[in-house]
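Source file: final-v2.tsv (TSV, C-alpha atoms)
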chain	number	residue	atom	x	y	z
A	74	MET	CA	140.23	76.70	99.84
A	75	LYS	CA	138.19	75.26	97.08
A	76	LEU	CA	137.62	71.57	97.40
A	77	VAL	CA	136.97	69.66	94.21
A	78	ALA	CA	134.71	66.71	94.62
A	79	ARG	CA	136.46	63.59	93.47
A	80	PRO	CA	134.47	61.51	91.02
A	81	LYS	CA	132.85	58.40	92.39
A	82	SER	CA	135.00	55.41	91.86
A	83	SER	CA	133.42	52.73	89.74
A	84	PRO	CA	133.84	49.03	90.58
A	85	LEU	CA	136.99	47.42	89.32
A	86	VAL	CA	135.12	44.87	87.18
A	87	SER	CA	131.87	45.72	85.43
A	88	LEU	CA	129.23	43.06	86.01
A	89	THR	CA	126.77	44.25	83.39
A	90	PRO	CA	127.89	41.78	80.66
A	91	LEU	CA	127.74	38.95	83.19
A	92	ILE	CA	124.14	39.85	84.01
A	93	ASP	CA	123.30	39.88	80.31
A	94	VAL	CA	124.74	36.41	79.79
A	95	VAL	CA	123.04	35.03	82.86
A	96	PHE	CA	119.67	36.45	81.78
A	97	ILE	CA	120.05	34.90	78.36
A	98	LEU	CA	120.84	31.51	79.90
A	99	LEU	CA	117.89	31.86	82.24
A	100	ILE	CA	115.48	32.64	79.43
A	101	PHE	CA	116.89	29.73	77.43
A	102	PHE	CA	116.30	27.22	80.20
A	103	MET	CA	112.88	28.66	81.00
A	104	LEU	CA	111.82	28.13	77.41
A	105	VAL	CA	113.43	24.72	77.02
A	106	SER	CA	112.16	23.21	80.26
A	107	GLN	CA	108.82	21.54	79.99
A	108	PHE	CA	106.93	20.24	82.93
A	109	SER	CA	105.18	17.10	81.71
A	110	ARG	CA	101.54	16.77	82.59
A	111	TRP	CA	100.77	13.09	82.53
A	112	GLN	CA	97.30	11.95	81.57
A	113	GLN	CA	95.65	8.54	81.39
A	114	GLN	CA	93.49	6.47	79.10
A	115	VAL	CA	92.01	3.11	79.95
A	116	LEU	CA	92.72	0.51	77.26
A	117	PRO	CA	90.03	-2.03	76.44
A	118	LEU	CA	91.09	-5.52	77.40
A	119	THR	CA	88.29	-7.23	75.60
A	120	SER	CA	86.79	-5.94	72.45
A	121	ASP	CA	83.38	-4.50	73.09
A	122	SER	CA	82.36	-5.31	69.58
A	123	LYS	CA	78.94	-4.25	68.56
A	124	SER	CA	77.01	-5.25	65.53
A	125	ARG	CA	78.45	-3.79	62.38
A	126	GLN	CA	75.04	-3.68	60.80
A	127	SER	CA	73.47	-0.35	60.21
A	128	ASP	CA	71.99	0.73	63.47
A	129	ALA	CA	70.34	4.06	64.02
A	130	ARG	CA	71.51	4.15	67.63
A	131	HIS	CA	75.05	3.01	67.07
A	132	PHE	CA	77.79	4.20	64.75
A	133	TYR	CA	80.61	1.79	63.92
A	134	ILE	CA	83.51	3.80	62.56
A	135	SER	CA	86.39	1.98	60.95
A	136	MET	CA	89.71	3.84	60.66
A	137	LEU	CA	91.74	2.92	57.61
A	138	PRO	CA	95.20	4.09	56.52
A	139	LYS	CA	95.59	7.39	54.69
A	140	ALA	CA	92.87	9.09	56.75
A	141	LYS	CA	90.00	7.06	55.30
A	142	PHE	CA	86.93	6.13	57.27
A	143	LEU	CA	84.06	3.70	57.00
A	144	LEU	CA	80.77	4.31	58.75
A	145	ASN	CA	78.93	1.03	59.23
A	146	GLU	CA	81.13	-0.38	56.45
A	147	ARG	CA	80.40	2.40	53.99
A	148	PRO	CA	83.13	4.86	52.91
A	149	ILE	CA	82.60	8.33	54.23
A	150	SER	CA	84.61	11.52	54.40
A	151	TRP	CA	85.60	13.07	57.71
A	152	GLN	CA	83.32	16.08	57.24
A	153	GLN	CA	80.31	13.91	56.38
A	154	LEU	CA	81.07	11.70	59.37
A	155	ILE	CA	81.13	14.66	61.74
A	156	SER	CA	77.88	15.99	60.27
A	157	LYS	CA	76.16	12.65	60.82
A	158	LEU	CA	77.48	12.33	64.35
A	159	LEU	CA	76.44	15.85	65.28
A	160	ALA	CA	72.97	15.23	63.85
A	161	GLN	CA	72.53	12.42	66.39
A	162	PRO	CA	74.61	13.45	69.38
A	163	ASN	CA	73.44	10.75	71.81
A	164	THR	CA	74.35	7.86	69.57
A	165	MET	CA	76.95	5.37	70.77
A	166	VAL	CA	80.14	5.35	68.74
A	167	THR	CA	82.61	2.52	68.34
A	168	LEU	CA	85.98	3.47	66.91
A	169	ALA	CA	87.76	0.55	65.27
A	170	PRO	CA	91.21	1.28	63.85
A	171	SER	CA	92.72	-1.18	61.39
A	172	GLY	CA	95.74	-3.04	62.68
A	173	ASP	CA	98.36	-0.83	61.05
A	174	ILE	CA	96.97	2.43	62.39
A	175	THR	CA	99.38	3.76	65.01
A	176	LEU	CA	98.30	4.45	68.56
A	177	GLN	CA	98.98	8.18	68.16
A	178	GLN	CA	96.76	8.35	65.06
A	179	PHE	CA	93.99	6.56	66.93
A	180	ILE	CA	94.23	8.95	69.89
A	181	ASP	CA	94.27	11.93	67.52
A	182	VAL	CA	90.99	10.86	65.91
A	183	LYS	CA	89.47	10.19	69.32
A	184	ASP	CA	90.55	13.70	70.42
A	185	ARG	CA	89.00	15.23	67.31
A	186	LEU	CA	85.71	13.47	68.03
A	187	ASN	CA	85.85	14.68	71.62
A	188	ASN	CA	86.50	18.20	70.37
A	189	VAL	CA	83.22	18.26	68.45
A	190	GLY	CA	81.35	17.05	71.51
A	191	ILE	CA	81.25	13.30	70.95
A	192	SER	CA	82.39	11.68	74.17
A	193	ASN	CA	80.53	8.35	74.25
A	194	ILE	CA	83.22	6.46	72.35
A	195	SER	CA	84.18	2.84	72.79
A	196	SER	CA	87.24	1.28	71.18
A	197	GLU	CA	87.76	-1.94	69.31
A	198	PHE	CA	91.25	-2.94	68.27
A	199	SER	CA	91.94	-5.39	65.50
A	200	SER	CA	94.80	-7.84	65.13
A	201	ASP	CA	94.68	-7.64	61.36
A	202	GLU	CA	97.12	-5.42	59.53
A	203	ILE	CA	96.11	-4.33	56.05
B	176	MET	CA	143.32	69.20	110.97
B	177	LYS	CA	142.02	65.77	110.46
B	178	PHE	CA	140.25	65.07	107.25
B	179	ASN	CA	137.79	62.24	107.11
B	180	PRO	CA	137.99	60.38	103.82
B	181	SER	CA	135.17	61.59	101.61
B	182	PRO	CA	132.51	59.09	100.84
B	183	ALA	CA	133.31	59.46	97.19
B	184	SER	CA	136.70	57.93	97.59
B	185	GLN	CA	135.44	54.77	99.31
B	186	THR	CA	135.14	51.64	97.23
B	187	MET	CA	131.61	51.32	95.91
B	188	ILE	CA	129.94	47.94	96.37
B	189	GLU	CA	128.28	46.79	93.17
B	190	PRO	CA	124.55	47.48	93.69
B	191	MET	CA	123.52	44.74	91.24
B	192	LEU	CA	124.82	41.91	93.43
B	193	PRO	CA	121.43	40.95	94.94
B	194	LEU	CA	119.91	40.84	91.46
B	195	ILE	CA	122.71	38.59	90.26
B	196	ASN	CA	122.17	36.32	93.26
B	197	ILE	CA	118.47	35.92	92.47
B	198	VAL	CA	119.08	35.37	88.77
B	199	PHE	CA	121.67	32.69	89.49
B	200	LEU	CA	119.27	30.95	91.86
B	201	LEU	CA	116.56	30.94	89.18
B	202	LEU	CA	119.02	29.68	86.60
B	203	ILE	CA	120.16	26.83	88.81
B	204	PHE	CA	116.55	25.97	89.59
B	205	PHE	CA	115.60	25.63	85.93
B	206	MET	CA	118.77	23.75	85.08
B	207	VAL	CA	118.17	21.22	87.86
B	208	SER	CA	114.40	20.87	87.44
B	209	ALA	CA	114.80	20.14	83.75
B	210	THR	CA	116.71	16.96	84.58
B	211	ILE	CA	114.60	15.52	87.38
B	212	ALA	CA	112.38	13.34	85.21
B	213	PRO	CA	114.04	10.08	84.15
B	214	PRO	CA	114.59	9.75	80.40
B	215	MET	CA	111.98	7.94	78.32
B	216	GLN	CA	114.66	5.73	76.71
B	217	GLY	CA	113.69	6.10	73.10
B	218	ILE	CA	109.93	6.16	73.60
B	219	THR	CA	107.85	9.00	72.21
B	220	PRO	CA	104.83	9.11	74.51
B	221	VAL	CA	101.37	9.46	73.07
B	222	GLU	CA	99.92	12.93	73.28
B	223	GLN	CA	96.26	13.67	73.88
B	224	LEU	CA	94.19	16.79	74.13
B	225	VAL	CA	91.58	15.49	76.56
B	226	GLU	CA	92.50	16.18	80.18
B	227	ASP	CA	92.31	13.23	82.50
B	228	PRO	CA	95.22	13.73	84.89
B	229	LEU	CA	97.06	10.72	86.17
B	230	ASP	CA	97.30	10.55	89.95
B	231	MET	CA	101.07	10.42	90.40
B	232	ALA	CA	100.68	9.52	94.08
B	233	LEU	CA	98.92	6.28	93.09
B	234	ALA	CA	101.07	5.64	90.03
B	235	PRO	CA	104.61	6.97	90.49
B	236	GLN	CA	106.71	7.00	87.36
B	237	HIS	CA	109.09	4.25	88.47
B	238	GLN	CA	106.19	1.75	88.46
B	239	TRP	CA	105.24	2.37	84.84
B	240	PHE	CA	106.11	-0.12	82.15
B	241	LYS	CA	107.45	1.16	78.85
B	242	LEU	CA	106.12	-0.30	75.62
B	243	SER	CA	108.33	0.27	72.61
B	244	LYS	CA	106.97	0.49	69.08
B	245	THR	CA	108.20	-3.05	68.44
B	246	GLY	CA	106.02	-4.37	71.26
B	247	VAL	CA	108.73	-4.88	73.91
B	248	LEU	CA	107.69	-4.26	77.52
B	249	MET	CA	110.42	-2.84	79.74
B	250	ARG	CA	110.94	-1.35	83.13
B	251	ASP	CA	114.26	-0.14	84.51
B	252	LEU	CA	116.06	-1.42	81.40
B	253	GLN	CA	114.73	-4.93	82.03
B	254	VAL	CA	112.57	-6.65	79.46
B	255	TYR	CA	109.41	-8.35	80.72
B	256	GLN	CA	107.17	-10.92	79.09
B	257	PRO	CA	103.43	-10.27	79.52
B	258	SER	CA	103.05	-13.63	81.26
B	259	ASP	CA	105.58	-12.62	83.95
B	260	ILE	CA	104.30	-9.17	84.69
B	261	ALA	CA	101.46	-9.96	87.08
B	262	LYS	CA	103.82	-10.90	89.90
B	263	HIS	CA	105.65	-7.57	89.57
B	264	LEU	CA	102.55	-5.47	90.10
B	265	ARG	CA	101.59	-4.08	93.47
B	266	ASP	CA	97.97	-3.16	93.12
B	267	ASN	CA	95.19	-5.44	92.00
B	268	ASN	CA	96.73	-6.46	88.69
B	269	HIS	CA	96.44	-2.93	87.37
B	270	ILE	CA	99.27	-1.99	85.01
B	271	ARG	CA	100.26	1.44	83.80
B	272	ILE	CA	101.96	1.50	80.44
B	273	ILE	CA	103.64	4.36	78.66
B	274	ALA	CA	103.63	3.33	75.03
B	275	ASP	CA	105.41	4.69	72.02
B	276	GLY	CA	102.92	6.52	69.82
B	277	ALA	CA	104.23	4.73	66.75
B	278	ILE	CA	103.14	1.28	67.93
B	279	THR	CA	100.42	-0.19	65.76
B	280	THR	CA	97.03	-0.99	67.24
B	281	ALA	CA	97.49	-4.60	66.12
B	282	LYS	CA	100.59	-4.97	68.31
B	283	LEU	CA	98.83	-3.20	71.14
B	284	LYS	CA	95.89	-5.57	70.81
B	285	GLN	CA	98.29	-8.52	70.98
B	286	ILE	CA	100.01	-7.15	74.08
B	287	SER	CA	96.72	-6.38	75.82
B	288	SER	CA	95.40	-9.87	75.01
B	289	ASP	CA	98.57	-11.45	76.44
B	290	LEU	CA	98.33	-9.31	79.56
B	291	SER	CA	94.67	-10.21	79.99
B	292	LEU	CA	95.53	-13.90	79.75
B	293	ALA	CA	98.24	-13.34	82.39
B	294	GLY	CA	95.61	-12.08	84.81
B	295	ILE	CA	95.88	-8.34	84.36
B	296	GLU	CA	92.53	-6.76	85.05
B	297	GLN	CA	93.10	-3.19	83.93
B	298	ILE	CA	95.54	-1.47	81.60
B	299	THR	CA	95.99	2.27	81.85
B	300	LEU	CA	97.81	4.03	79.07
B	301	VAL	CA	99.93	6.95	80.27
B	302	THR	CA	99.89	9.85	77.86
B	303	ARG	CA	101.17	13.37	77.76
B	304	LEU	CA	98.94	16.41	77.57
B	305	ALA	CA	99.37	18.05	74.21
B	306	SER	CA	99.00	21.72	73.53
B	307	ALA	CA	96.42	22.73	70.98
B	308	GLU	CA	99.15	24.35	68.84
B	309	SER	CA	101.18	21.17	68.55
B	310	HIS	CA	98.14	19.24	67.35
B	311	GLN	CA	97.20	21.60	64.52

Would you encode the structure as structure tokens?
Amino acid sequence: MKLVARPKSSPLVSLTPLIDVVFILLIFFMLVSQFSRWQQQVLPLTSDSKSRQSDARHFYISMLPKAKFLLNERPISWQQLISKLLAQPNTMVTLAPSGDITLQQFIDVKDRLNNVGISNISSEFSSDEI
Amino acid sequence: MKFNPSPASQTMIEPMLPLINIVFLLLIFFMVSATIAPPMQGITPVEQLVEDPLDMALAPQHQWFKLSKTGVLMRDLQVYQPSDIAKHLRDNNHIRIIADGAITTAKLKQISSDLSLAGIEQITLVTRLASAESHQ
């Protein structure tokens, strides 16, 4: 008597499309979720204002709107400013944004100075808006 | 003659079930963890590249004050005046503020002056760590 093997029975409901949808949702939430890493910055309560006169050991950088800068009250481009700061790396730097510079813009400039190795930065905020 | 039912005729249990279980668990984890942090209520936190992690054990998020771009200090949907804040602080007149990045430095100077007059000794700005790509 020849016995014919019956084919394996497949599940009643295929779960493959469900797995596809679930994987897509998983990847979506993995990409969308962001775990915030909170940092801190100490804000100056009193202005540590230094002399604005030309001082070989101290750079007073004024931040003006439209990405303009003054170094010891003289206009200077960003590239020239970086070159001068890198030429004297141990010099103290005071960063003084004008009143209408936003906090994010101020932090961005501070980050860019830190990126080129200038870390000795003090801040001086102004109440005047241009 | 007794025939045992062949294994082929038995109902097959879906072999992918454990995988589906794990994937669902991961999915639920990411869906839930994405909603744990309380909303910032219209404030776009400042982003910085320099790493200086905030000790969350010393400064849990519910103790932070939010500073809107118009210069309004809030916590838990309640508006505070700088002169009233000192009595709401727990540690040594040290305030942690998460400020909107669009606030002007003039307003921030005004707020910090008012807080200093109210007896606050230290203001820490809470920022978010930015990725290098988002800052290019």

request  = Work out how far apart CA of Ala274 in chain B and CA of Ser196 in chain A are and give it in Å to one decimal.
outcome  = 17.0 Å

ask   = Once you count all atoms listed in the file, which residues of chain B turn out to be within 7 Å of chain A? Could you give them as a ChimeraX atom specification?
value = /B:183-184,186-187,189,195,202,205-206,209,221,223-229,276-281,284-285,287-288,291,298-304

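Using all atoms listed in the file, the protein and nucleic acid residues lying no more than 8 Å from range 256-271 of chain B, apart from those fewer than 2 places from it along its own chain, are Ala234, Gln238, Trp239, Phe240, Leu248, Val254, Ile273, Ile286, Asp289, Leu290, Leu292, Ala293, Gly294, Ile295, Glu296, Gln297, Ile298, Thr299, Leu300 and Val301 of chain B.
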
ask   = Could you state the separation of CA of Lys282 in chain B and CA of Lys244 in chain B in Å, given to one decimal place?
value =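 Separation between CA of Lys282 in chain B and CA of Lys244 in chain B: 8.4 Å.
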
inquiry  = Quick check, in Å to one decimal: how far apart do CA of Thr219 in chain B and CA of Asp275 in chain B lie?
reply    = 5.0 Å

query = Can you list, as JSON, numbers by chain, every protein, DNA or RNA residue that comes within 12 Å of range 143-159 of chain A when you count all atoms listed in the file, leaving out same-chain residues fewer than 4 positions away?
reply = {"A": [123, 124, 125, 126, 127, 128, 129, 130, 131, 132, 133, 134, 135, 136, 137, 138, 139, 163, 164, 165, 166, 167, 168, 169, 170, 171, 182, 185, 186, 187, 188, 189, 190, 191, 192, 193, 194]}

Range 230-240 of chain B: axis-aligned bounding box, 3 Å on each side, centre and edge lengths in Å, one decimal, as AutoDock Vina command-line options:
--center_x 103.2 --center_y 5.2 --center_z 88.1 --size_x 17.8 --size_y 16.7 --size_z 17.9

Rebuild range 268-284 of chain B so that it carries N, CA and C atoms, then output the result as a compact mmCIF listing (two decimals), keeping the file's coordinate frame.
# COMPACT_ATOMS: atom_id res chain seq x y z
N ASN B 268 96.54 -6.14 90.11
CA ASN B 268 96.73 -6.46 88.69
C ASN B 268 96.35 -5.31 87.77
N HIS B 269 96.71 -4.13 88.16
CA HIS B 269 96.44 -2.93 87.37
C HIS B 269 97.80 -2.42 86.88
N ILE B 270 97.97 -2.37 85.57
CA ILE B 270 99.27 -1.99 85.01
C ILE B 270 99.16 -0.64 84.31
N ARG B 271 100.17 0.18 84.52
CA ARG B 271 100.26 1.44 83.80
C ARG B 271 101.37 1.32 82.76
N ILE B 272 101.02 1.64 81.54
CA ILE B 272 101.96 1.50 80.44
C ILE B 272 102.12 2.83 79.74
N ILE B 273 103.39 3.21 79.51
CA ILE B 273 103.64 4.36 78.66
C ILE B 273 104.15 3.82 77.34
N ALA B 274 103.34 3.97 76.31
CA ALA B 274 103.63 3.33 75.03
C ALA B 274 104.14 4.35 74.03
N ASP B 275 104.95 3.85 73.13
CA ASP B 275 105.41 4.69 72.02
C ASP B 275 104.22 4.94 71.09
N GLY B 276 104.06 6.18 70.67
CA GLY B 276 102.92 6.52 69.82
C GLY B 276 102.94 5.85 68.46
N ALA B 277 104.11 5.35 68.07
CA ALA B 277 104.23 4.73 66.75
C ALA B 277 103.85 3.25 66.75
N ILE B 278 103.52 2.69 67.90
CA ILE B 278 103.14 1.28 67.93
C ILE B 278 101.80 1.11 67.22
N THR B 279 101.67 0.03 66.47
CA THR B 279 100.42 -0.19 65.76
C THR B 279 99.36 -0.74 66.72
N THR B 280 98.10 -0.52 66.37
CA THR B 280 97.03 -0.99 67.24
C THR B 280 96.96 -2.51 67.23
N ALA B 281 97.45 -3.12 66.15
CA ALA B 281 97.49 -4.60 66.12
C ALA B 281 98.45 -5.14 67.19
N LYS B 282 99.63 -4.55 67.28
CA LYS B 282 100.59 -4.97 68.31
C LYS B 282 100.03 -4.69 69.69
N LEU B 283 99.39 -3.55 69.84
CA LEU B 283 98.83 -3.20 71.14
C LEU B 283 97.74 -4.18 71.53
N LYS B 284 96.95 -4.57 70.55
CA LYS B 284 95.89 -5.57 70.81
C LYS B 284 96.51 -6.89 71.27
